[in-house]
Amino acid sequence: MEMIKPPRPCPGCRDGESFAPDLAMAFQPIVDVSLERVYAYEALVRGPNGESAQGVLSQVSAENRYAFDQKCRVAAIRGAVAAGILDDDAKLSINFLPNAVYSPIACIQLTLATATATGFPTDRLIFEFTENEQMPDPAHVANIVAAYRKMGFATALDDFGAGHAGLALLAAIQPDIIKLDMALMQGIAASSVKRTIVAHVVRMCAELGIVVIGEGVETVAELDVLRQIGVRYIQGHVFARPGFRSLAPVHWPASTAIAI
């Protein structure tokens with residue numbers, strides 16, 4: 001991991017405390033079906049009593065999104081450590097707002113300090129572009145990804161195949177991971193078109209050295225098709241719903257019953 005001298009803290013996201021609403025995190029496993037274990041947990045924002053993400057996100061504005069982004073990063077790391085993520089080697093995937101990062105190096109300092117304070121290894125961090133966020137400046141996002149890679153972090157492009165997360169963005173940014181949009185997952189067992197699309201994406205990403213995650217997988221039929229196609233990493237209700245303030249245990253469907 002490249003050592004970079006910390007710059008002056010960002011005035012817009014110095015400590016995250018200026019985002020007034022309380023928040024907490026739920027954690028959903030991303031399963032490696034090849035090694036039969038949990039690969040990572042995605043941190044999903046919730047209200048302090050488990051309220052929906054929408055209730056929290058509705059309070060985010062242009063004025064407080066910097067502080068919100070920082071507060072989420074801190075809550076994700078602290079919450080995952082409190083829930084026991086240090087008991088194994090699973091990674092932690094944190095959603096972030098690219099438009100809330102004015103300088104990758106400056107805006108990562110509180111994250112690094114939190115990881116150090118909690119004992120969480122920073123090489124187990126994944127930074128995930130949040131759902132369908134419009135990115136008016138792909139070059140800025142590419143700079144964030146490049147800076148994070150130099151610092152030893154992985155990056156993931158969420159909802160690939162929907163909204164703003166398409167081939168043009170993939171070509172411009174080239175993340176370490178893409179997460180296939182759940183719209184491609186739903187009904188894939190009965191759709192030859194979806195199976196063909198996903199199979200070609202998997203082959204393309206293999207050539208590019210990009211990890212593919214199937215997101216929003218809910219049925220055993222979907223899971224079985226994705227495994228046959230070669231999607232190694234799966235996230236969705238077929239294995240576990242998010243655990244509020246806890247690392248949700250994996251439930252292995254009967255047709256794929258294995259132990260971890």
# chains A, B, ... in the order shown; residues from 1 in each chain; ligands from 1
>>> residues_around(residues="stretch 168-181 of chain A", least_positions_apart="3", cutoff="10 Å", atoms="only C-alpha atoms", output="number ranges by chain")
A: 126-129, 131, 135, 138-146, 149, 153-165, 184-186, 198, 201-202, 205, 208-217, 231, 233-235
>>> select_by_dssp(residues="stretch 103-183 of chain A", states="strand (DSSP E)", output="list in words")
Leu125, Ile126, Phe127, Glu128, Phe129, Ala154, Thr155, Ala156, Leu157, Asp158, Asp159, Phe160, Ile177, Ile178, Lys179 and Leu180 of chain A
>>> residues_around(residues="A:Pro48", least_positions_apart="5", cutoff="10 Å", atoms="only C-alpha atoms", output="PyMOL selection string")
chain A and resi 21-25+56+244-245
>>> select_by_dssp(residues="stretch 23-226 of chain A", states="helix (DSSP H, G or I)", output="ChimeraX atom specification")
/A:53-57,65-83,85-87,98-100,104-107,109-118,122-124,138-150,167-173,182-185,188-190,192-208,220-226
>>> residues_around(residues="stretch 223-225 of chain A", least_positions_apart="2", cutoff="10 Å", atoms="only C-alpha atoms", output="PDB file with N, CA and C atoms, in the first residue's frame")
ATOM      1  N   VAL A  33     -19.276 -18.528  -3.966  1.00  0.00           N
ATOM      2  CA  VAL A  33     -19.853 -19.868  -4.085  1.00  0.00           C
ATOM      3  C   VAL A  33     -18.818 -20.887  -4.539  1.00  0.00           C
ATOM      4  N   MET A 185     -30.796 -10.092 -12.822  1.00  0.00           N
ATOM      5  CA  MET A 185     -30.852 -11.327 -12.036  1.00  0.00           C
ATOM      6  C   MET A 185     -32.269 -11.896 -11.968  1.00  0.00           C
ATOM      7  N   ILE A 188     -33.823 -14.603 -14.520  1.00  0.00           N
ATOM      8  CA  ILE A 188     -32.796 -15.043 -15.456  1.00  0.00           C
ATOM      9  C   ILE A 188     -32.933 -16.523 -15.806  1.00  0.00           C
ATOM     10  N   ALA A 189     -33.491 -17.307 -14.893  1.00  0.00           N
ATOM     11  CA  ALA A 189     -33.649 -18.737 -15.166  1.00  0.00           C
ATOM     12  C   ALA A 189     -34.617 -18.990 -16.319  1.00  0.00           C
ATOM     13  N   ALA A 190     -35.549 -18.061 -16.536  1.00  0.00           N
ATOM     14  CA  ALA A 190     -36.555 -18.230 -17.586  1.00  0.00           C
ATOM     15  C   ALA A 190     -36.286 -17.351 -18.797  1.00  0.00           C
ATOM     16  N   ARG A 195     -29.685 -14.512 -19.808  1.00  0.00           N
ATOM     17  CA  ARG A 195     -28.570 -15.444 -19.644  1.00  0.00           C
ATOM     18  C   ARG A 195     -27.449 -15.125 -20.636  1.00  0.00           C
ATOM     19  N   GLY A 214     -23.130 -11.014  -8.683  1.00  0.00           N
ATOM     20  CA  GLY A 214     -24.554 -11.005  -8.994  1.00  0.00           C
ATOM     21  C   GLY A 214     -25.306 -10.476  -7.791  1.00  0.00           C
ATOM     22  N   VAL A 217     -29.977 -11.499  -5.891  1.00  0.00           N
ATOM     23  CA  VAL A 217     -30.381 -12.858  -6.249  1.00  0.00           C
ATOM     24  C   VAL A 217     -31.313 -13.391  -5.161  1.00  0.00           C
ATOM     25  N   GLU A 218     -32.504 -13.799  -5.552  1.00  0.00           N
ATOM     26  CA  GLU A 218     -33.523 -14.151  -4.563  1.00  0.00           C
ATOM     27  C   GLU A 218     -33.951 -15.604  -4.598  1.00  0.00           C
ATOM     28  N   THR A 219     -33.759 -16.311  -5.702  1.00  0.00           N
ATOM     29  CA  THR A 219     -34.266 -17.679  -5.803  1.00  0.00           C
ATOM     30  C   THR A 219     -33.139 -18.659  -6.095  1.00  0.00           C
ATOM     31  N   VAL A 220     -33.395 -19.920  -5.754  1.00  0.00           N
ATOM     32  CA  VAL A 220     -32.424 -20.977  -6.029  1.00  0.00           C
ATOM     33  C   VAL A 220     -32.233 -21.145  -7.526  1.00  0.00           C
ATOM     34  N   ALA A 221     -33.306 -20.977  -8.299  1.00  0.00           N
ATOM     35  CA  ALA A 221     -33.203 -21.108  -9.755  1.00  0.00           C
ATOM     36  C   ALA A 221     -32.244 -20.067 -10.318  1.00  0.00           C
ATOM     37  N   ARG A 227     -24.420 -19.676 -11.275  1.00  0.00           N
ATOM     38  CA  ARG A 227     -23.266 -20.543 -11.029  1.00  0.00           C
ATOM     39  C   ARG A 227     -22.848 -21.252 -12.313  1.00  0.00           C
ATOM     40  N   GLN A 228     -23.838 -21.709 -13.083  1.00  0.00           N
ATOM     41  CA  GLN A 228     -23.535 -22.376 -14.352  1.00  0.00           C
ATOM     42  C   GLN A 228     -22.851 -21.424 -15.329  1.00  0.00           C
ATOM     43  N   ILE A 229     -23.272 -20.157 -15.331  1.00  0.00           N
ATOM     44  CA  ILE A 229     -22.680 -19.166 -16.221  1.00  0.00           C
ATOM     45  C   ILE A 229     -21.251 -18.826 -15.795  1.00  0.00           C
ATOM     46  N   GLY A 230     -20.980 -18.943 -14.506  1.00  0.00           N
ATOM     47  CA  GLY A 230     -19.638 -18.650 -14.004  1.00  0.00           C
ATOM     48  C   GLY A 230     -19.555 -17.435 -13.114  1.00  0.00           C
ATOM     49  N   VAL A 231     -20.707 -16.978 -12.585  1.00  0.00           N
ATOM     50  CA  VAL A 231     -20.698 -15.879 -11.624  1.00  0.00           C
ATOM     51  C   VAL A 231     -20.316 -16.466 -10.269  1.00  0.00           C
ATOM     52  N   ILE A 234     -22.058 -13.960  -5.165  1.00  0.00           N
ATOM     53  CA  ILE A 234     -23.507 -13.765  -5.151  1.00  0.00           C
ATOM     54  C   ILE A 234     -23.926 -13.007  -3.894  1.00  0.00           C
ATOM     55  N   GLN A 235     -24.821 -12.038  -4.074  1.00  0.00           N
ATOM     56  CA  GLN A 235     -25.402 -11.298  -2.956  1.00  0.00           C
ATOM     57  C   GLN A 235     -26.916 -11.272  -3.136  1.00  0.00           C
ATOM     58  N   GLY A 236     -27.643 -11.555  -2.079  1.00  0.00           N
ATOM     59  CA  GLY A 236     -29.089 -11.485  -2.195  1.00  0.00           C
ATOM     60  C   GLY A 236     -29.807 -12.305  -1.143  1.00  0.00           C
ATOM     61  N   VAL A 238     -31.412 -14.929  -1.359  1.00  0.00           N
ATOM     62  CA  VAL A 238     -31.286 -16.382  -1.441  1.00  0.00           C
ATOM     63  C   VAL A 238     -30.315 -16.895  -0.389  1.00  0.00           C
ATOM     64  N   PHE A 239     -29.353 -16.057   0.004  1.00  0.00           N
ATOM     65  CA  PHE A 239     -28.406 -16.429   1.057  1.00  0.00           C
ATOM     66  C   PHE A 239     -28.690 -15.740   2.386  1.00  0.00           C
ATOM     67  N   PRO A 253     -29.239 -22.653   0.528  1.00  0.00           N
ATOM     68  CA  PRO A 253     -30.407 -23.356  -0.015  1.00  0.00           C
ATOM     69  C   PRO A 253     -30.140 -24.845  -0.142  1.00  0.00           C
ATOM     70  N   SER A 255     -30.504 -27.015  -2.463  1.00  0.00           N
ATOM     71  CA  SER A 255     -29.862 -27.532  -3.665  1.00  0.00           C
ATOM     72  C   SER A 255     -28.391 -27.173  -3.745  1.00  0.00           C
ATOM     73  N   THR A 256     -27.962 -26.257  -2.887  1.00  0.00           N
ATOM     74  CA  THR A 256     -26.558 -25.853  -2.871  1.00  0.00           C
ATOM     75  C   THR A 256     -26.004 -25.922  -1.452  1.00  0.00           C
TER      76      THR A 256
END
>>> residues_around(residues="stretch 89-92 of chain A", least_positions_apart="4", cutoff="8 Å", atoms="only C-alpha atoms", output="short mmCIF file (atom, residue, chain, number, x, y, z; two decimals) with all heavy atoms, in the first residue's frame")
data_model
loop_
_atom_site.label_atom_id
_atom_site.label_comp_id
_atom_site.auth_asym_id
_atom_site.auth_seq_id
_atom_site.Cartn_x
_atom_site.Cartn_y
_atom_site.Cartn_z
N VAL A 38 -18.03 -16.56 2.97
CA VAL A 38 -18.38 -15.16 2.78
C VAL A 38 -17.15 -14.41 2.27
O VAL A 38 -16.07 -14.47 2.87
CB VAL A 38 -18.88 -14.53 4.10
CG1 VAL A 38 -19.11 -13.03 3.91
CG2 VAL A 38 -20.19 -15.19 4.54
N TYR A 39 -17.33 -13.71 1.17
CA TYR A 39 -16.25 -12.92 0.58
C TYR A 39 -16.20 -11.52 1.20
O TYR A 39 -15.13 -10.99 1.49
CB TYR A 39 -16.48 -12.82 -0.93
CG TYR A 39 -15.68 -11.76 -1.65
CD1 TYR A 39 -14.30 -11.89 -1.81
CD2 TYR A 39 -16.30 -10.64 -2.18
CE1 TYR A 39 -13.56 -10.93 -2.48
CE2 TYR A 39 -15.58 -9.67 -2.86
CZ TYR A 39 -14.22 -9.82 -3.01
OH TYR A 39 -13.50 -8.86 -3.67
N ALA A 40 -17.37 -10.92 1.39
CA ALA A 40 -17.44 -9.56 1.93
C ALA A 40 -18.82 -9.32 2.51
O ALA A 40 -19.76 -10.10 2.30
CB ALA A 40 -17.15 -8.54 0.83
N TYR A 41 -18.93 -8.24 3.26
CA TYR A 41 -20.23 -7.75 3.73
C TYR A 41 -20.41 -6.33 3.20
O TYR A 41 -19.50 -5.50 3.31
CB TYR A 41 -20.29 -7.72 5.26
CG TYR A 41 -20.30 -9.08 5.91
CD1 TYR A 41 -19.11 -9.70 6.29
CD2 TYR A 41 -21.50 -9.75 6.13
CE1 TYR A 41 -19.12 -10.95 6.89
CE2 TYR A 41 -21.52 -11.01 6.73
CZ TYR A 41 -20.32 -11.59 7.09
OH TYR A 41 -20.33 -12.84 7.68
N GLU A 42 -21.58 -6.08 2.62
CA GLU A 42 -21.88 -4.71 2.21
C GLU A 42 -22.57 -3.99 3.35
O GLU A 42 -23.53 -4.50 3.95
CB GLU A 42 -22.78 -4.68 0.98
CG GLU A 42 -23.08 -3.25 0.53
CD GLU A 42 -24.01 -3.15 -0.65
OE1 GLU A 42 -24.43 -4.19 -1.19
OE2 GLU A 42 -24.35 -2.01 -1.05
N ALA A 43 -22.09 -2.79 3.67
CA ALA A 43 -22.70 -1.95 4.70
C ALA A 43 -23.81 -1.13 4.06
O ALA A 43 -23.58 -0.41 3.10
CB ALA A 43 -21.66 -1.04 5.33
N ILE A 77 -17.46 1.11 9.29
CA ILE A 77 -16.29 0.44 9.87
C ILE A 77 -16.53 0.12 11.34
O ILE A 77 -16.31 -1.02 11.78
CB ILE A 77 -15.03 1.31 9.70
CG1 ILE A 77 -14.70 1.45 8.21
CG2 ILE A 77 -13.85 0.70 10.45
CD1 ILE A 77 -13.58 2.43 7.91
N ALA A 80 -19.21 -2.67 11.63
CA ALA A 80 -18.75 -3.99 11.21
C ALA A 80 -17.81 -4.61 12.25
O ALA A 80 -17.89 -5.80 12.55
CB ALA A 80 -18.05 -3.89 9.86
N ILE A 85 -16.63 -8.55 12.44
CA ILE A 85 -16.00 -8.84 11.15
C ILE A 85 -14.52 -9.18 11.29
O ILE A 85 -13.96 -9.86 10.42
CB ILE A 85 -16.20 -7.64 10.19
CG1 ILE A 85 -15.96 -8.10 8.74
CG2 ILE A 85 -15.28 -6.47 10.56
CD1 ILE A 85 -16.37 -7.08 7.70
N ARG A 124 -8.72 -4.58 3.39
CA ARG A 124 -9.99 -5.32 3.30
C ARG A 124 -11.17 -4.39 2.99
O ARG A 124 -12.33 -4.81 3.04
CB ARG A 124 -10.25 -6.07 4.61
CG ARG A 124 -9.33 -7.28 4.79
CD ARG A 124 -9.34 -7.84 6.19
NE ARG A 124 -10.67 -8.23 6.65
CZ ARG A 124 -10.92 -8.73 7.86
NH1 ARG A 124 -9.93 -8.90 8.72
NH2 ARG A 124 -12.15 -9.06 8.22
N LEU A 125 -10.87 -3.15 2.63
CA LEU A 125 -11.93 -2.20 2.30
C LEU A 125 -12.23 -2.20 0.80
O LEU A 125 -11.32 -2.22 -0.03
CB LEU A 125 -11.52 -0.78 2.71
CG LEU A 125 -11.50 -0.49 4.21
CD1 LEU A 125 -10.90 0.89 4.46
CD2 LEU A 125 -12.92 -0.54 4.79
N ILE A 126 -13.52 -2.19 0.48
CA ILE A 126 -14.00 -1.99 -0.88
C ILE A 126 -14.87 -0.74 -0.86
O ILE A 126 -15.72 -0.59 0.01
CB ILE A 126 -14.86 -3.19 -1.36
CG1 ILE A 126 -14.06 -4.49 -1.33
CG2 ILE A 126 -15.42 -2.92 -2.76
CD1 ILE A 126 -14.92 -5.73 -1.56
#
>>> closest_residue(among="A:Ala113, A:Ala248, A:Ala53, A:Leu226", to="A:Ala199", atoms="only C-alpha atoms")
A:Leu226
>>> residues_around(residues="A:Cys72", least_positions_apart="2", cutoff="10 Å", atoms="only C-alpha atoms", output="count of residues only")
22
>>> closest_residue(among="A:Val31, A:Val193, A:Met204, A:Ala115", to="A:Leu167", atoms="only C-alpha atoms")
A:Met204
>>> atom_distance(atom1="atom CA of A:Thr118", atom2="atom CA of A:Tyr148")
20.2 Å
>>> atom_distance(atom1="atom CA of A:Arg241", atom2="atom CA of A:Gly47")
16.6 Å
